[in-house]
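Enquirer: This structure is in C-alpha cells; I'll ask about it shortly.
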Amino acid sequence: MLLLIEQCLNGLQLGLLLFLLAAGLTLVFGIMDLVNLAHGSLYMVGAYFGATFSAMTGSFVAGVLLALIATWLLGMAVEVIALRRLYGRDHLDHVLGTFGLILFFNEGVRLVWGPAGMNLTLPPWLNTNFEIMPGVLYPTYRLAIIGVALLVAVFLYLLVMRTRVGMLIRAGASNREMVGALGINIKLLYTLVFGLGAALAGLAGLMQAPILTASIGMGENILIVAFVVIVIGGIGSIRGAFVGSVFVGLIDTVGRAFLPDLFKLVLSPAAASTAAPAISSMLIYLVMAAILIAKPQGLFPAANK
C-alpha cells in the first residue's frame, strides 16, 4: 500500500511536469496553428539556464527566476526571427522548420556549454524528505514540483478565462482574422503567447534538471510524450492538457512499477522481465489509441473548453 501511494505521487509529479510542457505546446498550436517540434529544445535550454544562473548567483531561487526570464526572452526572439515566417504555411513546413531549430539549439548548447551535461544543485531546504503520512517519507523537492505546477495551472486558468488577455487568446484561437480586423495587434499577441509557452517549457526543464541532469537532446524524448498528452486531452485545450498530463503520468509510472509483478503471475520470470518493460513503454500509446477510437478529438476538445 505504501509503495502504491509513493508511485501515485511519482506519477502525479511526472504528470504535472508534463503539463508544464504540454500547456505551452497546446497554447502555441491552439492559438497560432503552429506545430512546434522545437518546444523540447526550449525545455532543454531552460534546464541549462537554470544550472548556469544558479551557479552564477549562488541561489537556487534567483537562478530559477533568471532562467524563466531568459527562456521567455529567447522564446519571443525565436518567434520573431524564425517562426513568424511559417504562419499560414502547411504543417509540413512547420515540421521541417522547427526540426531545423532542434539541430540549431543542440549545436548551440554544445558550443556554449560543451558536450557534457550540467547539474542543478538543490539547496539544503529542498534536498530533504517530508513525512506525508506516518512512516511514509517523500522527497521535498518532488512535492515542490507538484505545488509549483498546480500554482501554474491555476494561473493559466485565471489568465485564459478571467482576463482581457485571455479573452484575446481565446478569440485568436477561434478567429484570428476577425481579431486582427478589430485592431488587435495579432503579431504581438502571437509573440507573447509563444514567449509564455517557452517560459513554461523552460520551467519544466529546469525543475527536471536536479533529477535527471541537463543534457543535450533531453527535450526530444519528453516532447513525444507531451504530444501524446495534448492528443489525449484535446488539441488547444488547457483543461485537456492538465487532465491528459496527470492521466499519462499515473499510467506510465504505476505501469512501470507494477506490471512486472503482475506479469510474473502468468508468465515465467524470464518472460515477464522481457515483456513487462516493453508493454510499460507501449502503455500510454495504447491508451491514446483507445481514447481516440472513442473520442477522436480528445477528452476535452478546444471547442468545449
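Residues are named by chain letter and number: chains run A, B, ... in the order of the C-alpha cells, numbers start at 1 in each chain, and ligands are numbered from 1 in the order shown.
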Determine which residues of stretch 107-218 of chain A DSSP labels as alpha helix (DSSP H) from the backbone of this structure, then write them out as JSON, numbers by chain.

Expert: {"A": [107, 108, 109, 110, 111, 112, 113, 140, 141, 142, 143, 144, 145, 146, 147, 148, 149, 150, 151, 152, 153, 154, 155, 156, 157, 158, 159, 160, 161, 162, 164, 165, 166, 167, 168, 169, 170, 171, 172, 173, 174, 176, 177, 178, 179, 180, 181, 186, 187, 188, 189, 190, 191, 192, 193, 194, 195, 196, 197, 198, 199, 200, 201, 202, 203, 204, 205, 206, 207, 208, 209, 210, 211, 212, 218]}

Enquirer: Neighbours of stretch 127-132 of chain A within 12 Å (only C-alpha atoms; same-chain residues fewer than 3 positions away dropped), as a ChimeraX atom specification?

Expert: /A:2,5-6,9,60,120-124,135-144,210-211

Enquirer: So that I can check the surroundings of A:Leu96, please list as an MDAnalysis selection string every protein, DNA and RNA residue that reaches within 9 Å of it, counting only C-alpha atoms and ignoring chain neighbours fewer than 5 positions away.

Expert: chainID A and resid 37 91 101

Enquirer: For the selection just defined, write its residues with N, CA and C atoms to a file, as a CSV table (one decimal), in the first residue's frame.

Expert:
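Saved result, out32.csv, follows:
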```csv
chain,number,residue,atom,x,y,z
A,37,LEU,N,8.1,21.5,-33.1
A,37,LEU,CA,8.9,20.4,-32.7
A,37,LEU,C,10.1,21.0,-31.8
A,91,HIS,N,1.5,22.5,-42.5
A,91,HIS,CA,2.1,21.9,-41.3
A,91,HIS,C,3.4,21.2,-41.6
A,101,LEU,N,15.4,24.0,-36.1
A,101,LEU,CA,15.7,24.7,-34.9
A,101,LEU,C,16.2,23.7,-33.8
```

Enquirer: Within 9 Å of A:Ile235, counting only C-alpha atoms, which residues show up once you throw out same-chain ones fewer than 3 positions away? Write them as number ranges by chain, please.

Expert: A: 26-27, 29-30, 230-232, 238, 240-241, 297-298, 300-302

Enquirer: Do a neighbour search on stretch 244-261 of chain A at 7 Å with only C-alpha atoms, toss out local chain neighbours closer than 2 positions, and write the hits as JSON, numbers by chain.

Expert: {"A": [7, 8, 10, 11, 12, 14, 15, 16, 18, 19, 229, 230, 232, 233, 240, 241, 242, 263, 264, 265, 272, 273, 276, 277, 280, 284]}
